[in-house]
Structures are given as structure tokens and as C-alpha cells.
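Asks: Quick one, data.cif (mmCIF, C-alpha atoms and all ligand atoms):
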```
data_structure
loop_
_atom_site.label_atom_id
_atom_site.label_comp_id
_atom_site.auth_asym_id
_atom_site.auth_seq_id
_atom_site.Cartn_x
_atom_site.Cartn_y
_atom_site.Cartn_z
CA MET A 13 110.10 104.46 97.78
CA ASN A 14 113.57 104.86 96.21
CA ARG A 15 114.01 105.97 92.63
CA ILE A 16 113.63 103.11 90.16
CA GLN A 17 117.11 102.07 88.96
CA ARG A 18 116.57 98.65 87.43
CA VAL A 19 113.57 97.37 85.50
CA ALA A 20 112.56 93.93 84.22
CA VAL A 21 110.01 93.48 81.43
CA VAL A 22 108.28 90.09 81.19
CA GLY A 23 107.03 89.23 77.69
CA ALA A 24 109.08 90.48 74.73
CA GLY A 25 106.22 90.88 72.21
CA THR A 26 104.88 94.05 70.58
CA MET A 27 104.44 95.91 73.86
CA GLY A 28 107.26 94.41 75.95
CA ARG A 29 109.96 95.32 73.47
CA GLY A 30 108.56 98.84 73.02
CA ILE A 31 108.55 99.31 76.79
CA ALA A 32 112.11 97.94 77.11
CA GLN A 33 113.22 100.36 74.38
CA VAL A 34 111.80 103.49 76.03
CA VAL A 35 113.13 102.42 79.45
CA ALA A 36 116.66 101.98 77.99
CA GLN A 37 116.38 105.30 76.11
CA ALA A 38 115.68 106.95 79.48
CA GLY A 39 119.05 105.59 80.68
CA ILE A 40 117.58 102.89 82.92
CA VAL A 41 118.97 99.34 82.99
CA VAL A 42 116.38 96.84 81.76
CA THR A 43 116.18 93.04 81.49
CA LEU A 44 113.81 91.74 78.80
CA ILE A 45 112.45 88.27 79.56
CA ASP A 46 110.54 85.81 77.37
CA ARG A 47 110.15 82.05 77.22
CA GLU A 48 112.51 81.21 74.34
CA PRO A 49 116.01 82.48 73.49
CA GLU A 50 114.98 83.07 69.83
CA LEU A 51 112.08 85.28 70.95
CA VAL A 52 114.24 87.57 73.07
CA ARG A 53 116.95 87.71 70.41
CA ALA A 54 114.40 88.62 67.73
CA SER A 55 113.00 91.30 70.04
CA LEU A 56 116.42 92.84 70.53
CA GLU A 57 116.91 92.89 66.74
CA GLU A 58 113.58 94.71 66.37
CA ILE A 59 114.62 97.25 69.03
CA ARG A 60 117.92 97.75 67.18
CA ARG A 61 115.97 98.41 63.94
CA GLN A 62 113.69 100.91 65.70
CA LEU A 63 116.68 102.75 67.21
CA ASP A 64 118.45 102.84 63.79
CA ARG A 65 115.33 104.31 62.25
CA ALA A 66 115.16 106.95 65.01
CA VAL A 67 118.83 107.83 64.25
CA GLU A 68 118.12 108.08 60.49
CA ARG A 69 115.23 110.43 61.20
CA GLY A 70 117.41 112.61 63.42
CA ARG A 71 115.40 111.91 66.59
CA LEU A 72 118.36 110.25 68.33
CA ASP A 73 122.12 110.40 67.80
CA ARG A 74 124.22 107.28 67.22
CA GLU A 75 125.82 107.41 70.61
CA GLN A 76 122.44 107.61 72.42
CA ALA A 77 121.18 104.63 70.44
CA ALA A 78 124.30 102.61 71.29
CA VAL A 79 124.00 103.49 74.98
CA ALA A 80 120.31 102.47 75.00
CA LEU A 81 121.11 99.10 73.40
CA SER A 82 123.91 98.48 75.91
CA LEU A 83 121.44 98.92 78.79
CA ILE A 84 119.21 96.03 77.62
CA ALA A 85 119.94 92.52 78.94
CA LEU A 86 118.07 89.42 77.73
CA ASP A 87 116.88 86.42 79.73
CA THR A 88 114.57 83.43 79.51
CA ASP A 89 114.28 82.78 83.24
CA LEU A 90 111.69 84.64 85.32
CA GLN A 91 114.12 84.53 88.26
CA ALA A 92 116.12 87.24 86.43
CA VAL A 93 113.65 89.76 87.97
CA ALA A 94 115.45 89.33 91.32
CA ASP A 95 117.41 92.61 91.17
CA ALA A 96 114.68 94.79 89.61
CA ASP A 97 112.99 97.66 91.48
CA LEU A 98 110.10 97.51 89.03
CA VAL A 99 108.83 94.54 87.00
CA ILE A 100 106.48 95.26 84.08
CA GLU A 101 104.45 92.28 82.88
CA ALA A 102 103.47 92.29 79.16
CA VAL A 103 102.47 88.67 78.48
CA PRO A 104 99.30 87.89 76.44
CA GLU A 105 95.88 89.06 77.69
CA VAL A 106 94.84 85.80 79.41
CA VAL A 107 93.72 86.05 83.05
CA GLU A 108 95.07 82.67 84.24
CA LEU A 109 98.43 83.25 82.52
CA LYS A 110 98.85 86.69 84.10
CA GLN A 111 97.78 85.42 87.55
CA ASP A 112 100.37 82.65 87.30
CA VAL A 113 103.08 85.12 86.23
CA PHE A 114 102.19 87.44 89.15
CA ARG A 115 102.28 84.53 91.61
CA ARG A 116 105.79 83.66 90.43
CA LEU A 117 106.98 87.28 90.23
CA ASP A 118 105.94 87.67 93.86
CA GLN A 119 108.29 84.78 94.73
CA TYR A 120 111.27 85.93 92.70
CA ALA A 121 111.19 89.74 92.91
CA ALA A 122 112.79 91.65 95.78
CA PRO A 123 110.28 92.26 98.62
CA GLU A 124 110.26 96.03 98.04
CA ALA A 125 109.93 95.79 94.23
CA LEU A 126 106.86 97.13 92.44
CA LEU A 127 104.97 94.74 90.16
CA ALA A 128 103.16 96.36 87.22
CA SER A 129 100.93 95.01 84.46
CA ASN A 130 100.47 96.42 80.97
CA THR A 131 97.05 94.75 80.71
CA SER A 132 94.43 96.61 78.65
CA SER A 133 91.39 95.07 80.34
CA ILE A 134 92.19 92.70 83.22
CA SER A 135 91.54 93.89 86.77
CA ILE A 136 94.71 95.06 88.57
CA THR A 137 92.99 94.23 91.86
CA LEU A 138 92.58 90.62 90.69
CA LEU A 139 96.25 90.34 89.63
CA ALA A 140 97.34 91.93 92.94
CA ALA A 141 95.38 89.25 94.81
CA ALA A 142 97.68 86.60 93.31
CA THR A 143 100.55 88.14 95.33
CA GLN A 144 101.41 88.78 98.98
CA ARG A 145 102.10 92.46 98.14
CA PRO A 146 98.87 93.94 96.75
CA GLY A 147 99.95 97.42 97.92
CA GLN A 148 102.86 97.25 95.44
CA VAL A 149 100.88 96.07 92.41
CA ILE A 150 99.82 98.65 89.83
CA GLY A 151 98.77 99.01 86.20
CA LEU A 152 101.11 100.73 83.74
CA HIS A 153 99.04 100.78 80.56
CA PHE A 154 101.27 101.83 77.66
CA PHE A 155 99.90 102.40 74.15
CA ASN A 156 101.05 101.00 70.83
CA PRO A 157 103.53 101.97 69.39
CA VAL A 158 105.15 102.59 72.77
CA PRO A 159 108.02 104.85 71.60
CA VAL A 160 105.51 107.17 69.89
CA MET A 161 102.44 107.26 72.14
CA LYS A 162 102.65 109.77 74.99
CA LEU A 163 100.02 108.37 77.36
CA VAL A 164 100.51 105.93 80.22
CA GLU A 165 97.37 105.08 82.18
CA VAL A 166 98.56 104.44 85.74
CA VAL A 167 95.95 102.12 87.20
CA ARG A 168 95.37 102.10 90.93
CA GLY A 169 93.99 98.77 92.16
CA LEU A 170 91.74 98.62 95.21
CA ARG A 171 94.73 97.89 97.46
CA THR A 172 97.48 99.77 95.59
CA GLY A 173 99.40 102.05 98.00
CA ASP A 174 100.05 105.78 97.50
CA GLN A 175 103.81 105.20 97.37
CA ALA A 176 103.41 102.79 94.48
CA VAL A 177 101.27 105.33 92.60
CA GLU A 178 103.83 108.10 93.20
CA ALA A 179 106.72 105.89 92.06
CA ALA A 180 104.84 104.82 88.91
CA VAL A 181 103.96 108.41 88.01
CA GLU A 182 107.56 109.55 88.49
CA PHE A 183 108.82 106.59 86.43
CA ALA A 184 106.45 107.32 83.51
CA GLN A 185 107.56 110.96 83.52
CA ARG A 186 111.22 109.91 83.36
CA LEU A 187 110.34 107.99 80.18
CA GLY A 188 109.01 111.25 78.71
CA LYS A 189 105.43 110.02 78.95
CA THR A 190 102.34 111.71 80.37
CA PRO A 191 100.95 109.55 83.18
CA VAL A 192 97.25 109.78 84.06
CA VAL A 193 96.13 108.05 87.26
CA VAL A 194 92.81 106.19 87.03
CA ASN A 195 91.05 103.74 89.33
CA ASP A 196 90.82 100.05 88.51
CA SER A 197 87.61 99.48 86.56
CA PRO A 198 86.90 97.43 83.42
CA GLY A 199 88.54 99.06 80.40
CA PHE A 200 90.03 101.78 82.65
CA VAL A 201 89.24 105.13 80.93
CA SER A 202 90.82 104.61 77.49
CA ASN A 203 88.97 101.48 76.40
CA ARG A 204 85.80 102.29 78.37
CA VAL A 205 85.30 105.36 76.21
CA LEU A 206 87.02 104.44 72.94
CA VAL A 207 85.77 100.90 72.33
CA PRO A 208 82.01 101.59 72.79
CA MET A 209 82.45 104.43 70.26
CA ILE A 210 83.97 101.97 67.78
CA ASN A 211 81.11 99.53 68.52
CA GLU A 212 78.55 102.27 67.83
CA ALA A 213 80.24 103.05 64.51
CA ILE A 214 79.93 99.35 63.57
CA TYR A 215 76.20 99.43 64.48
CA ALA A 216 75.79 102.52 62.28
CA LEU A 217 77.47 100.64 59.42
CA MET A 218 75.38 97.49 59.99
CA GLU A 219 72.13 99.49 60.08
CA GLY A 220 73.03 101.23 56.82
CA VAL A 221 73.23 104.72 58.30
CA ALA A 222 76.28 105.37 56.09
CA PRO A 223 79.14 103.43 54.43
CA ALA A 224 82.46 102.91 56.28
CA GLU A 225 84.32 105.75 54.51
CA ALA A 226 81.51 108.19 55.34
CA ILE A 227 81.40 107.20 59.03
CA ASP A 228 85.18 107.62 59.32
CA THR A 229 85.14 110.97 57.49
CA VAL A 230 82.43 112.31 59.81
CA LEU A 231 84.52 111.54 62.90
CA ARG A 232 87.79 112.71 61.34
CA LEU A 233 86.46 116.06 60.12
CA GLY A 234 83.55 116.56 62.50
CA ALA A 235 85.20 115.58 65.76
CA ASN A 236 88.83 116.19 64.75
CA HIS A 237 89.82 112.57 65.41
CA PRO A 238 93.10 111.69 63.63
CA MET A 239 91.53 108.42 62.44
CA GLY A 240 87.93 107.32 61.97
CA PRO A 241 86.60 104.63 64.36
CA LEU A 242 86.45 101.90 61.69
CA GLU A 243 89.99 102.59 60.42
CA LEU A 244 91.11 102.52 64.03
CA ALA A 245 89.32 99.20 64.65
CA ASP A 246 91.19 97.73 61.66
CA LEU A 247 94.46 98.97 63.14
CA ILE A 248 93.76 97.61 66.65
CA GLY A 249 92.48 94.26 65.34
CA LEU A 250 88.78 93.35 65.31
CA ASP A 251 89.40 90.33 67.55
CA VAL A 252 90.99 92.63 70.15
CA VAL A 253 88.05 95.08 69.92
CA LEU A 254 85.58 92.20 70.38
CA HIS A 255 87.52 90.86 73.36
CA ILE A 256 87.51 94.26 75.10
CA LEU A 257 83.76 94.69 74.48
CA GLU A 258 83.12 91.25 75.95
CA VAL A 259 85.07 92.21 79.07
CA LEU A 260 83.14 95.52 79.41
CA HIS A 261 79.82 93.76 78.81
CA HIS A 262 80.52 90.93 81.25
CA ASP A 263 82.24 92.89 84.02
CA LEU A 264 80.00 95.99 84.00
CA GLY A 265 76.83 93.97 83.27
CA ASP A 266 75.31 96.80 81.23
CA PRO A 267 73.66 95.90 77.89
CA LYS A 268 74.96 99.14 76.37
CA TYR A 269 78.33 97.37 75.91
CA ARG A 270 76.92 94.43 73.89
CA PRO A 271 79.21 93.73 70.92
CA CYS A 272 77.67 94.50 67.51
CA PRO A 273 76.64 91.28 65.67
CA LEU A 274 78.50 92.50 62.54
CA LEU A 275 81.72 92.64 64.58
CA ARG A 276 81.22 89.06 65.77
CA GLN A 277 80.53 87.95 62.23
CA MET A 278 83.65 89.62 60.83
CA VAL A 279 85.85 88.07 63.53
CA ALA A 280 84.29 84.64 62.84
CA ALA A 281 85.08 85.13 59.14
CA GLY A 282 88.72 85.92 59.91
CA LYS A 283 88.37 89.57 58.84
CA LEU A 284 90.51 90.96 61.64
CA GLY A 285 91.64 94.25 60.09
CA ARG A 286 95.11 95.18 58.89
CA LYS A 287 96.79 92.08 60.31
CA SER A 288 94.62 89.73 58.20
CA GLY A 289 94.60 91.97 55.12
CA GLU A 290 90.91 92.82 55.41
CA GLY A 291 88.55 94.40 57.93
CA PHE A 292 86.29 97.34 57.18
CA TYR A 293 88.85 98.11 54.43
CA ARG A 294 91.15 95.97 52.28
CA TYR A 295 94.93 96.19 52.69
CA GLN A 296 97.71 95.29 50.26
CA GLU A 297 100.62 93.17 51.46
N1 LIG B 301 99.30 95.29 71.26
C1 LIG B 301 98.69 96.38 71.71
O1 LIG B 301 98.28 97.27 70.93
C2 LIG B 301 98.50 96.57 73.20
C3 LIG B 301 98.28 97.89 73.68
C4 LIG B 301 98.17 98.08 75.06
C5 LIG B 301 98.25 97.00 75.92
N2 LIG B 301 98.44 95.74 75.42
C6 LIG B 301 98.55 94.64 76.39
O2 LIG B 301 99.92 94.28 76.50
C7 LIG B 301 100.03 92.89 76.80
C8 LIG B 301 100.93 92.22 75.77
O3 LIG B 301 100.40 92.42 74.48
P1 LIG B 301 101.29 92.23 73.15
O4 LIG B 301 100.46 92.77 72.04
O5 LIG B 301 102.67 92.76 73.38
O6 LIG B 301 101.35 90.63 73.06
P2 LIG B 301 102.36 89.71 72.20
O7 LIG B 301 101.63 88.45 71.93
O8 LIG B 301 102.95 90.50 71.07
O9 LIG B 301 103.57 89.42 73.22
C9 LIG B 301 103.45 88.63 74.37
C10 LIG B 301 104.80 87.98 74.66
O10 LIG B 301 104.72 87.32 75.92
C11 LIG B 301 105.47 86.12 75.84
N3 LIG B 301 105.06 85.21 76.91
C12 LIG B 301 103.97 84.42 76.98
N4 LIG B 301 103.96 83.74 78.16
C13 LIG B 301 105.07 84.12 78.85
C14 LIG B 301 105.61 83.79 80.11
N5 LIG B 301 104.99 82.92 80.91
N6 LIG B 301 106.77 84.36 80.49
C15 LIG B 301 107.40 85.25 79.68
N7 LIG B 301 106.93 85.62 78.47
C16 LIG B 301 105.78 85.07 78.06
C17 LIG B 301 105.17 85.60 74.43
O11 LIG B 301 106.17 84.67 74.02
C18 LIG B 301 105.19 86.91 73.62
O12 LIG B 301 106.49 87.19 73.11
C19 LIG B 301 98.60 92.34 76.81
O13 LIG B 301 98.14 92.33 78.13
C20 LIG B 301 97.84 93.37 75.98
O14 LIG B 301 96.46 93.42 76.33
C21 LIG B 301 98.59 95.52 74.08
#
```
What would the structure in this file look like if it were written as C-alpha cells?
Replies:
Amino acid sequence: MNRIQRVAVVGAGTMGRGIAQVVAQAGIVVTLIDREPELVRASLEEIRRQLDRAVERGRLDREQAAVALSLIALDTDLQAVADADLVIEAVPEVVELKQDVFRRLDQYAAPEALLASNTSSISITLLAAATQRPGQVIGLHFFNPVPVMKLVEVVRGLRTGDQAVEAAVEFAQRLGKTPVVVNDSPGFVSNRVLVPMINEAIYALMEGVAPAEAIDTVLRLGANHPMGPLELADLIGLDVVLHILEVLHHDLGDPKYRPCPLLRQMVAAGKLGRKSGEGFYRYQE
């Protein structure tokens, strides 16, 4: 597999624009694709703001920021993936939507191109089965915020080839990230371990073991976690936490993953965490 020279990112939301930014900062040409011209333009503006902030904080010089911006092209047509060596899909976490995108990427991308998904919970093996090139389909699970978080979970689907894994690992390293290769399984490693811990903290709260602040303090000071599990749930979004638990519960079939009733109730009440202004804690505008 040749070195990756050109990348396309499909979906210019929170994750897609972060990924496009770190790819461009690594000196790699990248095309950022979304459905509407306003969406891609707004994403580029956000990337520009992030790069300006990095310059102000002395993490990047002006010239590097300008070069990174010049490497990003925008498009609204999926066919713009035609010259990419690697396509990274970052559309919303909906199985049918991702399968449809992979089916079309398989048609438009060069035959030797790698197709990657940034999914946090959907099976890479399932997405690969929507294509005629399952050996070249892989998971590249970046973390939010992408420019800050060091980890990339490189997810090997059942039919992913060794060359694809090697190319993905080398690519993540070029971005300055630390790739960790894991096998395709619900929640991979990150969410398989993290989200049940959050769920357990919510059970402890519901059962009155301790109030939210106490539970978070125990994990921060007792386990050296930078954030307590309930603060972290508010940051991730309680709807997202619930969705991941439902995937773990359904796909692994083990009752130990059953979502806490308090979590369901809070999501039903619109208490989604920071983004709605209230979760386990209240947030000011
Ligand atoms: N947000 C996170 O913290 C996080 C962390 C890790 C992984 N992920 C995963 O990353 C993926 C994207 O999440 P996000 O938070 O960036 O979502 P988002 O909603 O912010 O962005 C998704 C973007 O995809 C675009 N889109 C939808 N359909 C499209 C199509 N057919 N073609 C092109 N673009 C299309 C939307 O217009 C939107 O701009 C999901 O699979 C999510 O599970 C998210």
C-alpha cells in the first residue's frame, strides 16, 4: 500500500471538521464533503477559528496555519472522493445512512483506496459488507476534540486486510496521534469499558449511594480520572451515552449493559447534559 497522499472526509460536523483540520496540519491534502454548501463553508470557518486560536496560544505559527488552510478543499458531491487514497466517513451514527454512504463510496472511490469510518459503535464488518472491498474497510475512531485527543482506535473488521491496518496505523502516526489496533466488537475498547462505568455511576446515584458531586470526586481523586463519570456523561451528552449502552446491550446480549432507568428518564425529560444546559449538573449559557 502506497503512502496516503490525498484524503477525503465525508460529513463536516464536529468530528469531520476536526479530522480535516489535523490531516491538513500534517501537510496532507484533504477534501471536506457535506450535503450543503453552507455547511461546508461554516465548517471551514470553524477550522479557521481553531487554527487562529492555536496561533494565539503559540502552538502553531501563522505560516503553518495558512498552509494547513490552503490544503483543505470543500465539496458537496460525494464523487469528489475519486482521487483520494483514504476516505474517512463521519456522518451521523445511523446504520442505514452509513451503509448507504459506504455503498456509494465504493462506487466513486479509486479501487485501491481505503474506506474508513469514524463510527463510535457501528460494526465495521457490517459497513464493509456494503462494499465490494471489505479488505480495505477499517475503523478510524477519533476522539472529541480531535485536535487535542491523542488516541485513534484503529478497528479491524472481520475481513479487514493487514495492509489496510498497516496503512491506517502509519497514517494516524503521521497526524501525531497514538493508534491502538482493536478488533471489531460492539463499543470497541473505549466505549465497552468507559460507558458501563458511567452507567454504574448513574445506578449509584439513583440508589442513593452518594450525590453526584461525591461520586465524581471519588473517581477523580480515588482513581485519578481527570473528570468524574457523571461530569463526563454531561460532556458526552446523555442521549449519546444511552445510545451506546443500547448498542452494547443489544449486540452483546448481556444484561450487565442494561441502561440505568434514571438515564432513560433524564433523556426523556430533555436533560441531555451540557448541550441542553442541564444533566447531572446545571450549566450557564
Ligand atoms: N461527537 C463526538 O464526540 C464523537 C466522538 C467519536 C466519534 N463520533 C462519531 O463520529 C460520527 C460523526 O459524529 P459528529 O458528532 O461529527 O456528527 P455531526 O452531526 O456533528 O456531523 C455529521 C455531519 O454529517 C453530515 N451528513 C449527513 N449525511 C450526509 C451525507 N449523506 N453525505 C455527507 N454528509 C452528510 C451532516 O450534514 C453533518 O454536518 C458519528 O458516527 C459519531 O458516532 C462522534
Asks: Please build the interface table for segment 87-122 of chain A against segment 44-49 of chain A with a cut-off of 9 Å, listing for each qualifying residue the nearest atom pair and the distance in Å to one decimal; count all atoms listed in the file, order rows by chain and increasing number, and write it as CSV.
Replies:
```
residue,atom,partner,partner_atom,distance
A:Asp87,CA,A:Ile45,CA,4.8
A:Thr88,CA,A:Asp46,CA,5.1
A:Asp89,CA,A:Ile45,CA,6.9
A:Leu90,CA,A:Ile45,CA,6.9
A:Ala92,CA,A:Ile45,CA,7.9
A:Val93,CA,A:Ile45,CA,8.6
A:Val103,CA,A:Asp46,CA,8.6
```
Asks: Using all atoms listed in the file, which residue out of A:Arg65, A:Arg116, A:Arg286, A:His153 lies closest to ligand LIG 301 (chain B)?
Replies: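 The shortest atom-to-atom distance to ligand LIG 301 (chain B) comes from A:His153.
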Asks: Can you work out which residues are within 6 Å of ligand LIG 301 (chain B), considering all atoms listed in the file, and then hand them over as a PyMOL selection string?
Replies: chain A and resi 22-28+45-47+102-105+130-132+154-156
Asks: To one decimal place, how far is atom CA of Ala226 of chain A from atom CA of Tyr293 of chain A in Å?
Replies: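 Spanning atom CA of Ala226 of chain A to atom CA of Tyr293 of chain A is a straight-line distance of 12.5 Å.
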Asks: Between A:Arg74, A:Thr143, A:Thr229, A:Ala66, single out the one closest to Asp112 of chain A, counting all atoms listed in the file.
Replies: A:Thr143
Asks: For Leu98 of chain A, which residue among A:Met278, A:Val113, A:Leu163, A:Val19 is the nearest when counting all atoms listed in the file?
Replies: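 Of A:Met278, A:Val113, A:Leu163, A:Val19, the one nearest Leu98 of chain A is A:Val19, counting all atoms listed in the file.
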Asks: Mind pulling up the distance from atom CA of Glu297 of chain A to atom CA of Leu217 of chain A?
Replies: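 Straight-line distance from atom CA of Leu217 of chain A to atom CA of Glu297 of chain A works out to 25.6 Å.
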Asks: With only C-alpha atoms as the basis for distance, which of A:Ala216, A:Val164, A:Ile31, A:Ile134 is at the shortest distance from Val192 of chain A?
Replies: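 The closest residue to Val192 of chain A is A:Val164.
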Asks: Set out as a tab-separated table a contact list for segment 123-229 of chain A and segment 237-255 of chain A with a cut-off of 9 Å, giving each residue of segment 123-229 of chain A that qualifies its closest atom pair and distance in Å to one decimal, counting all atoms listed in the file, ordered by chain and rising residue number.
Replies:
```
residue	atom	partner	partner_atom	distance
A:Leu206	CA	A:Pro241	CA	8.6
A:Val207	CA	A:Val253	CA	6.7
A:Met209	CA	A:Pro241	CA	7.2
A:Ile210	CA	A:Pro241	CA	5.1
A:Asn211	CA	A:Val253	CA	8.4
A:Ala213	CA	A:Pro241	CA	6.6
A:Ile214	CA	A:Leu242	CA	7.2
A:Ala224	CA	A:Leu242	CA	6.8
A:Glu225	CA	A:Leu242	CA	8.4
A:Ile227	CA	A:Gly240	CA	7.2
A:Asp228	CA	A:Gly240	CA	3.8
A:Thr229	CA	A:Gly240	CA	6.4
```
Asks: List every protein, DNA or RNA residue with an atom no more than 10 Å from (98.8, 92.8, 87.9) in the file's coordinates, counting all atoms listed in the file, and format the result as a ChimeraX atom specification.
Replies: /A:100-102,107,110-111,113-115,127-131,134-143,146,148-152,167,169
Asks: In Å, how far is it from atom CA of Ile256 of chain A to atom CA of Ala54 of chain A?
Replies: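 Interatomic distance, atom CA of Ile256 of chain A to atom CA of Ala54 of chain A: 28.4 Å.
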Asks: Box time for segment 86-96 of chain A: axis-aligned, enclosing all its listed atoms, 3 Å extra on each side; report centre and edge lengths in Å to one decimal, as JSON.
Replies:
```
{"center_x": 114.9, "center_y": 88.8, "center_z": 84.5, "size_x": 12.4, "size_y": 18.0, "size_z": 19.6}
```
